[in-house]
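Heads up, my_file.csv below (CSV, C-alpha atoms (C1' of nucleotides)):
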chain,number,residue,atom,x,y,z
A,1,MET,CA,-36.2,20.2,-11.6
A,2,GLN,CA,-34.9,23.8,-11.4
A,3,THR,CA,-35.5,25.9,-14.4
A,4,THR,CA,-34.9,29.4,-13.2
A,5,PRO,CA,-32.3,31.4,-15.2
A,6,ALA,CA,-30.3,31.9,-11.9
A,7,ALA,CA,-30.2,28.1,-11.5
A,8,THR,CA,-28.9,27.8,-15.1
A,9,GLU,CA,-26.2,30.3,-14.4
A,10,HIS,CA,-24.6,28.4,-11.6
A,11,ALA,CA,-26.5,25.2,-12.2
A,12,THR,CA,-23.4,23.3,-11.1
A,13,PRO,CA,-21.6,25.5,-8.6
A,14,ALA,CA,-18.5,23.3,-8.9
A,15,ASP,CA,-18.0,24.5,-12.4
A,16,ILE,CA,-17.5,28.1,-11.3
A,17,CYS,CA,-14.0,27.4,-10.1
A,18,SER,CA,-13.1,25.0,-13.0
A,19,ALA,CA,-11.4,26.3,-16.1
A,20,PRO,CA,-9.8,23.0,-17.2
A,21,PRO,CA,-7.2,22.7,-19.9
A,22,ARG,CA,-8.8,20.7,-22.7
A,23,ARG,CA,-7.2,17.5,-24.0
A,24,HIS,CA,-10.0,16.8,-26.4
A,25,PRO,CA,-10.9,20.1,-28.1
A,26,ARG,CA,-14.6,20.6,-28.4
A,27,PRO,CA,-16.1,22.4,-31.4
A,28,ASP,CA,-16.5,26.1,-30.6
A,29,GLY,CA,-20.0,27.5,-29.8
A,30,GLN,CA,-21.6,24.0,-29.6
A,31,ASP,CA,-23.3,22.9,-26.5
A,32,ARG,CA,-25.2,19.7,-27.4
A,33,TYR,CA,-23.3,16.5,-27.9
A,34,THR,CA,-24.4,13.0,-28.6
A,35,ILE,CA,-23.2,10.2,-26.4
A,36,SER,CA,-20.8,9.0,-29.2
A,37,GLU,CA,-19.3,12.5,-29.4
A,38,VAL,CA,-18.7,12.4,-25.6
A,39,VAL,CA,-17.1,9.0,-26.0
A,40,ALA,CA,-14.7,10.5,-28.5
A,41,PHE,CA,-13.9,13.5,-26.2
A,42,THR,CA,-13.5,11.6,-22.9
A,43,GLY,CA,-12.3,8.1,-23.9
A,44,LEU,CA,-15.0,6.6,-21.7
A,45,THR,CA,-17.4,4.1,-23.2
A,46,ALA,CA,-21.1,4.8,-23.8
A,47,HIS,CA,-21.8,2.1,-21.3
A,48,THR,CA,-19.8,3.8,-18.6
A,49,LEU,CA,-21.4,7.2,-19.4
A,50,ARG,CA,-24.9,5.7,-18.9
A,51,TRP,CA,-23.8,3.9,-15.8
A,52,TYR,CA,-22.4,7.0,-14.3
A,53,GLU,CA,-25.8,8.6,-14.8
A,54,ARG,CA,-27.6,5.7,-13.3
A,55,ILE,CA,-25.6,5.7,-10.1
A,56,GLY,CA,-25.9,9.5,-9.6
A,57,LEU,CA,-22.4,10.4,-10.6
A,58,MET,CA,-23.7,12.6,-13.3
A,59,PRO,CA,-26.5,15.2,-13.2
A,60,HIS,CA,-29.5,14.6,-15.3
A,61,ILE,CA,-28.5,14.9,-18.9
A,62,ASP,CA,-30.7,16.8,-21.3
A,63,ARG,CA,-32.6,14.8,-23.8
A,64,SER,CA,-33.5,15.4,-27.4
A,65,HIS,CA,-37.2,15.2,-28.4
A,66,THR,CA,-36.6,11.5,-29.2
A,67,GLY,CA,-35.2,10.8,-25.8
A,68,GLN,CA,-31.5,10.7,-26.7
A,69,ARG,CA,-28.9,12.2,-24.5
A,70,ARG,CA,-27.5,15.6,-25.4
A,71,TYR,CA,-24.5,16.4,-23.3
A,72,ARG,CA,-23.6,20.1,-22.6
A,73,ASN,CA,-20.3,21.7,-22.0
A,74,ARG,CA,-20.8,21.8,-18.3
A,75,ASP,CA,-21.4,18.0,-18.4
A,76,LEU,CA,-18.1,17.6,-20.2
A,77,ASP,CA,-16.4,19.8,-17.6
A,78,TRP,CA,-17.8,17.6,-14.9
A,79,LEU,CA,-16.6,14.4,-16.7
A,80,ASP,CA,-13.1,15.9,-16.9
A,81,PHE,CA,-13.2,16.4,-13.2
A,82,VAL,CA,-14.6,13.0,-12.4
A,83,THR,CA,-11.9,11.4,-14.6
A,84,LYS,CA,-9.2,13.2,-12.6
A,85,LEU,CA,-10.7,12.1,-9.4
A,86,ARG,CA,-10.8,8.5,-10.7
A,87,LEU,CA,-7.1,8.8,-11.5
A,88,THR,CA,-6.4,9.5,-7.8
A,89,GLY,CA,-8.0,6.1,-7.0
A,90,MET,CA,-11.0,7.6,-5.3
A,91,PRO,CA,-13.8,5.1,-5.1
A,92,VAL,CA,-16.8,5.8,-7.2
A,93,ALA,CA,-19.0,5.9,-4.1
A,94,ASP,CA,-17.0,8.8,-2.8
A,95,MET,CA,-17.4,10.6,-6.1
A,96,VAL,CA,-21.1,10.0,-6.0
A,97,ARG,CA,-21.1,11.5,-2.5
A,98,TYR,CA,-19.4,14.6,-3.8
A,99,ALA,CA,-21.9,14.8,-6.7
A,100,GLU,CA,-24.7,14.7,-4.1
A,101,LEU,CA,-23.1,17.6,-2.2
A,102,VAL,CA,-22.9,19.6,-5.4
A,103,ARG,CA,-26.6,18.9,-6.1
A,104,GLU,CA,-27.5,20.0,-2.6
A,105,GLY,CA,-26.2,23.5,-3.2
A,106,GLU,CA,-24.1,26.1,-1.5
A,107,ASP,CA,-24.8,24.9,2.0
A,108,THR,CA,-22.4,22.1,1.4
A,109,TYR,CA,-19.3,24.1,0.5
A,110,ALA,CA,-17.6,23.3,3.8
A,111,GLU,CA,-18.1,19.6,3.4
A,112,ARG,CA,-17.0,19.7,-0.2
A,113,GLN,CA,-13.9,21.5,0.8
A,114,ALA,CA,-13.1,19.0,3.5
A,115,LEU,CA,-13.7,16.1,1.1
A,116,LEU,CA,-11.4,17.6,-1.5
A,117,GLU,CA,-8.7,18.4,1.1
A,118,SER,CA,-8.7,14.8,2.2
A,119,THR,CA,-8.4,13.8,-1.4
A,120,ARG,CA,-5.6,16.2,-1.8
A,121,ARG,CA,-3.7,14.6,1.0
A,122,ASP,CA,-4.2,11.2,-0.6
A,123,VAL,CA,-2.8,12.5,-3.8
A,124,LEU,CA,0.3,13.9,-2.1
A,125,ASN,CA,0.8,10.5,-0.4
A,126,ARG,CA,0.4,8.7,-3.6
A,127,ILE,CA,2.9,10.9,-5.4
A,128,ALA,CA,5.4,10.3,-2.6
A,129,GLU,CA,4.9,6.6,-2.9
A,130,LEU,CA,5.3,6.7,-6.6
A,131,ARG,CA,8.6,8.6,-6.3
A,132,ASP,CA,9.8,6.0,-3.9
A,133,THR,CA,8.9,3.3,-6.4
A,134,LEU,CA,10.6,5.3,-9.1
A,135,ALA,CA,13.9,5.2,-7.1
A,136,VAL,CA,13.6,1.5,-6.7
A,137,LEU,CA,12.9,1.0,-10.4
A,138,ASP,CA,15.9,3.2,-11.4
A,139,ARG,CA,18.2,1.2,-9.1
A,140,LYS,CA,17.0,-2.1,-10.7
A,141,ILE,CA,17.1,-0.8,-14.2
A,142,SER,CA,20.6,0.5,-13.9
A,143,PHE,CA,21.6,-2.9,-12.4
A,144,TYR,CA,20.2,-4.7,-15.4
A,145,ALA,CA,21.8,-2.2,-17.7
A,146,THR,CA,25.3,-2.6,-16.4
A,147,GLU,CA,25.1,-6.4,-15.8
A,148,GLY,CA,23.6,-6.8,-19.2
A,149,THR,CA,26.4,-5.0,-21.0
A,150,THR,CA,29.4,-6.1,-18.9
A,151,ARG,CA,29.1,-9.8,-19.3
B,1,MET,CA,-4.3,-9.9,20.6
B,2,GLN,CA,-1.3,-7.7,20.0
B,3,THR,CA,-0.6,-5.1,22.7
B,4,THR,CA,2.5,-3.5,21.2
B,5,PRO,CA,2.7,0.2,21.0
B,6,ALA,CA,3.3,-0.1,17.3
B,7,ALA,CA,-0.3,-1.1,16.8
B,8,THR,CA,-1.5,2.1,18.4
B,9,GLU,CA,1.1,4.1,16.5
B,10,HIS,CA,-0.3,3.5,13.0
B,11,ALA,CA,-3.9,3.9,14.1
B,12,THR,CA,-4.1,7.5,12.9
B,13,PRO,CA,-3.8,7.8,9.1
B,14,ALA,CA,-2.0,11.1,9.5
B,15,ASP,CA,1.1,9.2,10.7
B,16,ILE,CA,1.4,7.3,7.4
B,17,CYS,CA,2.8,10.3,5.5
B,18,SER,CA,5.5,10.9,8.1
B,19,ALA,CA,6.8,7.4,8.1
B,20,PRO,CA,8.1,6.8,4.6
B,21,PRO,CA,10.8,4.1,4.6
B,22,ARG,CA,10.3,1.0,6.8
B,23,ARG,CA,7.2,0.9,8.9
B,24,HIS,CA,7.8,-2.6,10.2
B,25,PRO,CA,11.4,-3.1,11.1
B,26,ARG,CA,12.6,-6.7,11.1
B,27,PRO,CA,14.5,-8.2,14.0
B,28,ASP,CA,18.2,-8.2,13.4
B,29,GLY,CA,19.9,-11.5,12.5
B,30,GLN,CA,16.7,-13.4,12.0
B,31,ASP,CA,15.9,-15.1,8.8
B,32,ARG,CA,12.9,-17.3,9.4
B,33,TYR,CA,9.4,-15.7,9.9
B,34,THR,CA,6.0,-17.2,10.3
B,35,ILE,CA,3.2,-16.0,8.1
B,36,SER,CA,1.7,-13.9,10.9
B,37,GLU,CA,5.0,-12.1,11.3
B,38,VAL,CA,5.1,-11.4,7.6
B,39,VAL,CA,1.5,-10.1,7.9
B,40,ALA,CA,2.7,-7.7,10.6
B,41,PHE,CA,5.7,-6.6,8.5
B,42,THR,CA,4.0,-6.1,5.2
B,43,GLY,CA,0.4,-5.2,6.0
B,44,LEU,CA,-0.8,-7.9,3.6
B,45,THR,CA,-3.2,-10.6,4.9
B,46,ALA,CA,-2.2,-14.2,5.3
B,47,HIS,CA,-4.7,-15.0,2.6
B,48,THR,CA,-3.1,-12.7,0.2
B,49,LEU,CA,0.4,-14.1,1.0
B,50,ARG,CA,-0.7,-17.6,0.3
B,51,TRP,CA,-2.6,-16.5,-2.8
B,52,TYR,CA,0.6,-14.7,-4.1
B,53,GLU,CA,2.4,-18.0,-3.7
B,54,ARG,CA,-0.3,-20.0,-5.5
B,55,ILE,CA,-0.3,-17.8,-8.5
B,56,GLY,CA,3.5,-17.8,-8.8
B,57,LEU,CA,4.1,-14.3,-7.7
B,58,MET,CA,6.3,-15.6,-4.8
B,59,PRO,CA,9.1,-18.1,-5.1
B,60,HIS,CA,8.6,-21.3,-3.2
B,61,ILE,CA,8.7,-20.5,0.5
B,62,ASP,CA,10.7,-22.7,2.9
B,63,ARG,CA,8.7,-24.9,5.2
B,64,SER,CA,9.2,-26.0,8.8
B,65,HIS,CA,9.3,-29.7,9.6
B,66,THR,CA,5.5,-29.5,10.2
B,67,GLY,CA,4.8,-27.9,6.8
B,68,GLN,CA,4.4,-24.3,7.9
B,69,ARG,CA,5.8,-21.5,5.9
B,70,ARG,CA,9.0,-19.9,7.1
B,71,TYR,CA,9.7,-16.7,5.2
B,72,ARG,CA,13.3,-15.5,4.7
B,73,ASN,CA,14.6,-11.9,4.5
B,74,ARG,CA,14.9,-12.2,0.7
B,75,ASP,CA,11.2,-13.1,0.6
B,76,LEU,CA,10.4,-10.0,2.5
B,77,ASP,CA,12.6,-7.9,0.2
B,78,TRP,CA,10.6,-9.4,-2.7
B,79,LEU,CA,7.4,-8.6,-1.0
B,80,ASP,CA,8.5,-5.0,-0.5
B,81,PHE,CA,9.2,-4.8,-4.2
B,82,VAL,CA,5.9,-6.4,-5.2
B,83,THR,CA,4.1,-4.0,-2.9
B,84,LYS,CA,5.8,-1.1,-4.7
B,85,LEU,CA,4.9,-2.4,-8.1
B,86,ARG,CA,1.3,-2.9,-7.0
B,87,LEU,CA,1.2,0.8,-6.0
B,88,THR,CA,2.0,1.7,-9.5
B,89,GLY,CA,-1.2,0.0,-10.6
B,90,MET,CA,0.6,-2.8,-12.4
B,91,PRO,CA,-1.7,-5.8,-12.9
B,92,VAL,CA,-0.8,-8.9,-10.9
B,93,ALA,CA,-0.4,-10.8,-14.1
B,94,ASP,CA,2.5,-8.6,-15.1
B,95,MET,CA,4.1,-9.0,-11.8
B,96,VAL,CA,3.8,-12.7,-12.2
B,97,ARG,CA,5.5,-12.4,-15.6
B,98,TYR,CA,8.4,-10.5,-14.0
B,99,ALA,CA,8.6,-13.2,-11.2
B,100,GLU,CA,8.8,-15.8,-14.0
B,101,LEU,CA,11.7,-14.0,-15.6
B,102,VAL,CA,13.5,-13.8,-12.3
B,103,ARG,CA,13.1,-17.6,-11.9
B,104,GLU,CA,14.5,-18.2,-15.4
B,105,GLY,CA,17.8,-16.7,-14.5
B,106,GLU,CA,20.3,-14.2,-15.9
B,107,ASP,CA,19.3,-14.8,-19.5
B,108,THR,CA,16.2,-12.7,-19.0
B,109,TYR,CA,18.1,-9.5,-17.8
B,110,ALA,CA,17.3,-7.6,-21.0
B,111,GLU,CA,13.6,-8.5,-20.9
B,112,ARG,CA,13.4,-7.6,-17.2
B,113,GLN,CA,15.0,-4.3,-17.9
B,114,ALA,CA,12.5,-3.5,-20.7
B,115,LEU,CA,9.6,-4.4,-18.5
B,116,LEU,CA,10.8,-2.2,-15.7
B,117,GLU,CA,11.5,0.7,-18.1
B,118,SER,CA,8.0,0.4,-19.4
B,119,THR,CA,6.8,0.5,-15.8
B,120,ARG,CA,9.0,3.5,-15.1
B,121,ARG,CA,7.3,5.4,-17.9
B,122,ASP,CA,3.9,4.5,-16.5
B,123,VAL,CA,4.9,5.8,-13.1
B,124,LEU,CA,6.2,9.0,-14.6
B,125,ASN,CA,2.9,9.5,-16.5
B,126,ARG,CA,1.0,8.7,-13.4
B,127,ILE,CA,2.9,11.3,-11.3
B,128,ALA,CA,2.2,13.9,-14.0
B,129,GLU,CA,-1.5,13.1,-14.0
B,130,LEU,CA,-1.6,13.3,-10.2
B,131,ARG,CA,0.1,16.7,-10.3
B,132,ASP,CA,-2.5,17.8,-12.8
B,133,THR,CA,-5.2,16.6,-10.5
B,134,LEU,CA,-3.6,18.3,-7.6
B,135,ALA,CA,-3.7,21.6,-9.4
B,136,VAL,CA,-7.4,21.2,-10.0
B,137,LEU,CA,-8.0,20.2,-6.4
B,138,ASP,CA,-6.1,23.3,-5.2
B,139,ARG,CA,-8.2,25.5,-7.4
B,140,LYS,CA,-11.4,24.1,-6.2
B,141,ILE,CA,-10.4,24.1,-2.6
B,142,SER,CA,-9.4,27.7,-2.6
B,143,PHE,CA,-12.7,28.5,-4.3
B,144,TYR,CA,-14.6,26.8,-1.5
B,145,ALA,CA,-12.3,28.4,1.1
B,146,THR,CA,-13.0,32.0,-0.1
B,147,GLU,CA,-16.6,31.5,-1.0
B,148,GLY,CA,-17.2,29.7,2.3
B,149,THR,CA,-15.8,32.7,4.3
B,150,THR,CA,-17.0,35.7,2.3
B,151,ARG,CA,-20.7,35.0,2.5
C,1,DA,C1',-6.0,-35.3,28.4
C,2,DG,C1',-8.1,-31.3,27.1
C,3,DC,C1',-8.0,-26.8,25.3
C,4,DT,C1',-6.3,-22.9,22.7
C,5,DT,C1',-3.7,-21.0,19.2
C,6,DG,C1',-1.7,-20.9,14.8
C,7,DC,C1',-1.3,-22.8,10.5
C,8,DT,C1',-2.6,-25.8,6.5
C,9,DT,C1',-5.6,-26.7,2.1
C,10,DG,C1',-8.9,-26.3,-2.1
C,11,DG,C1',-12.6,-24.1,-3.4
C,12,DA,C1',-16.2,-20.8,-3.1
C,13,DG,C1',-17.6,-16.0,-2.3
C,14,DT,C1',-17.2,-10.8,-2.4
C,15,DG,C1',-16.8,-6.0,-4.0
C,16,DC,C1',-15.7,-2.9,-7.4
C,17,DA,C1',-16.0,-0.9,-11.8
C,18,DC,C1',-17.3,-1.6,-15.5
C,19,DT,C1',-19.1,-4.4,-19.8
C,20,DC,C1',-22.3,-6.7,-22.5
C,21,DC,C1',-26.8,-8.4,-24.1
C,22,DA,C1',-31.3,-8.6,-26.2
C,23,DA,C1',-34.9,-6.2,-27.8
C,24,DC,C1',-36.5,-2.3,-29.3
C,25,DG,C1',-37.1,3.0,-31.3
C,26,DC,C1',-36.1,6.8,-34.5
C,27,DC,C1',-34.8,8.6,-38.7
C,28,DA,C1',-32.0,9.5,-43.0
C,29,DT,C1',-30.8,7.8,-47.3
C,30,DA,C1',-31.7,4.5,-51.4
D,1,DT,C1',-40.5,0.6,-47.9
D,2,DA,C1',-36.4,-1.2,-46.6
D,3,DT,C1',-31.8,-1.0,-44.7
D,4,DG,C1',-28.2,0.8,-41.8
D,5,DG,C1',-26.7,3.4,-38.1
D,6,DC,C1',-27.1,5.3,-33.8
D,7,DG,C1',-29.6,5.5,-29.7
D,8,DT,C1',-32.5,3.6,-25.7
D,9,DT,C1',-33.4,0.3,-21.4
D,10,DG,C1',-33.0,-3.1,-17.3
D,11,DG,C1',-30.6,-6.7,-16.0
D,12,DA,C1',-27.1,-10.0,-16.3
D,13,DG,C1',-22.2,-11.1,-16.9
D,14,DT,C1',-17.0,-10.2,-16.6
D,15,DG,C1',-12.4,-9.7,-14.7
D,16,DC,C1',-9.5,-8.5,-11.1
D,17,DA,C1',-7.7,-8.9,-6.7
D,18,DC,C1',-8.5,-10.4,-3.1
D,19,DT,C1',-11.3,-12.6,1.0
D,20,DC,C1',-13.4,-16.1,3.4
D,21,DC,C1',-14.8,-20.8,4.7
D,22,DA,C1',-14.7,-25.4,6.6
D,23,DA,C1',-12.2,-29.0,8.0
D,24,DG,C1',-8.3,-30.5,9.8
D,25,DC,C1',-3.4,-30.9,11.9
D,26,DA,C1',0.5,-29.8,15.2
D,27,DA,C1',2.4,-27.7,19.2
D,28,DG,C1',2.3,-25.7,23.7
D,29,DC,C1',0.1,-24.8,28.1
D,30,DT,C1',-2.6,-26.3,32.4

Rewritten as structure tokens:
Amino acid sequence: MQTTPAATEHATPADICSAPPRRHPRPDGQDRYTISEVVAFTGLTAHTLRWYERIGLMPHIDRSHTGQRRYRNRDLDWLDFVTKLRLTGMPVADMVRYAELVREGEDTYAERQALLESTRRDVLNRIAELRDTLAVLDRKISFYATEGTTR
Amino acid sequence: MQTTPAATEHATPADICSAPPRRHPRPDGQDRYTISEVVAFTGLTAHTLRWYERIGLMPHIDRSHTGQRRYRNRDLDWLDFVTKLRLTGMPVADMVRYAELVREGEDTYAERQALLESTRRDVLNRIAELRDTLAVLDRKISFYATEGTTR
DNA sequence: AGCTTGCTTGGAGTGCACTCCAACGCCATA
DNA sequence: TATGGCGTTGGAGTGCACTCCAAGCAAGCT
């Protein structure tokens, strides 16, 4: 494991460019959270959090002296990002791939960029499809609304 | 094997986003299609079409004198709608529920409207989430773009 | 007549993303 | 010292949405 201060500074290079708006406010100045706190912040289950770690979707999580997980703010940032990726419908395997690239360091910037750009295109397509669907729904809803009231 | 140019046309995923409305035009004036024609129109597999019928997501499909399915235009319309609902992430069970309401006739207009309105809210939320995700992706992508070129 | 193609069925299998289980450890409070 | 609460693990189980299989039938072509 890397333990140099430099490594700590940009331990997860992905985090440098992320300043996410927080939906689950974290206590200020704290940087060690139990798994149940993370459950409360993220809405994920403890099972899922452990499973993410097992499959390599999470970096190694710090442990207390008794072996319990202590999540740090950068882990929560990463979880926020993963949750967003999941919402796009990206398969977990692809997210794991991205996580691997992050672990491999700066040499993978280009590949990470390509991966995210492909995801970006997927998201745009998905939004377009959803807007299409919305139009169909609106048409049907207004049909039911008028038919329901005029008879 | 199919040798139509259409098969070649949608080989590249890039074309998908430039072909929004009807990717598989139906022949004019026809109203009886074999299962394999419907496969070509919808992109669903024959397995899935039969499964949809078994679980009650499709109405009873007409049969030829030999017992083979003959889909009609209204069946294709229904499949288009189902496909849109599926894109919203609606569980199949909910779609089956809607199909049941349709079979039960006009008395269920109000309930159908409520169901679609709830779906509509889901779709709007989903679009908002995706836009959020898009913002995050753009931030990261531009980070990788500048970092990748400046070093 | 023989062969190929397309379609039929019920039931079993697959892949994904969790989700749960049993057995156990640590530790604070009563 | 005991009880409750929170945490740990590997492995097995679950639910969803397909997906495939084997065996068979009917029609069309040579």

Counting only C-alpha atoms, which of B:Arg120, B:Arg69, B:Arg126, B:Arg32 gets nearest to Thr88 (chain A)?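 Closest to Thr88 (chain A), using only C-alpha atoms: B:Arg126.
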
Quick one: contact table of region 18-89 of chain B to region 6-29 of chain C, 10 Å max, nearest atom pair and distance in Å to one decimal per residue, counting all atoms listed in the file, chain and number order, as a Markdown table?
| residue | atom | partner | partner_atom | distance |
| --- | --- | --- | --- | --- |
| B:Thr34 | CA | C:DC7 | C1' | 9.2 |
| B:Ile35 | CA | C:DC7 | C1' | 8.5 |
| B:Ser36 | CA | C:DG6 | C1' | 8.7 |
| B:Thr66 | CA | C:DC7 | C1' | 9.6 |
| B:Gly67 | CA | C:DT8 | C1' | 7.7 |
| B:Gln68 | CA | C:DC7 | C1' | 6.4 |
| B:Arg69 | CA | C:DC7 | C1' | 8.6 |

Selection from above, C-alpha atoms, as a tab-separated table (two decimals), in the coordinates of the input, can you write it?
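Saved result, selection.tsv, follows:
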chain	number	residue	atom	x	y	z
B	34	THR	CA	6.00	-17.20	10.30
B	35	ILE	CA	3.20	-16.00	8.10
B	36	SER	CA	1.70	-13.90	10.90
B	66	THR	CA	5.50	-29.50	10.20
B	67	GLY	CA	4.80	-27.90	6.80
B	68	GLN	CA	4.40	-24.30	7.90
B	69	ARG	CA	5.80	-21.50	5.90

Could you tell me which of B:Lys84, B:His60, B:Lys140, B:His47 comes closest to chain D if we count only C-alpha atoms (C1' of nucleotides)? B:His47

Which of B:Met90, B:Leu76, B:Ala145, B:Met58 sits closest to chain D [using all atoms listed in the file]: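 Comparing B:Met90, B:Leu76, B:Ala145, B:Met58 against chain D, the winner is B:Met90.
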
Shell of 7 Å around region 95-100 of chain A, only C-alpha atoms (C1' of nucleotides), local chain residues under 4 positions omitted, as a ChimeraX atom specification: /A:56-57,91,104,112

Closest of B:Val82, B:Val38, B:Val92, B:Ile55 to chain D - atom-to-atom distances counting only C-alpha atoms (C1' of nucleotides): B:Val92

By how many Å are CA of Glu106 (chain A) and CA of Phe143 (chain B) apart?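 Going from CA of Glu106 (chain A) over to CA of Phe143 (chain B), I get 12.0 Å.
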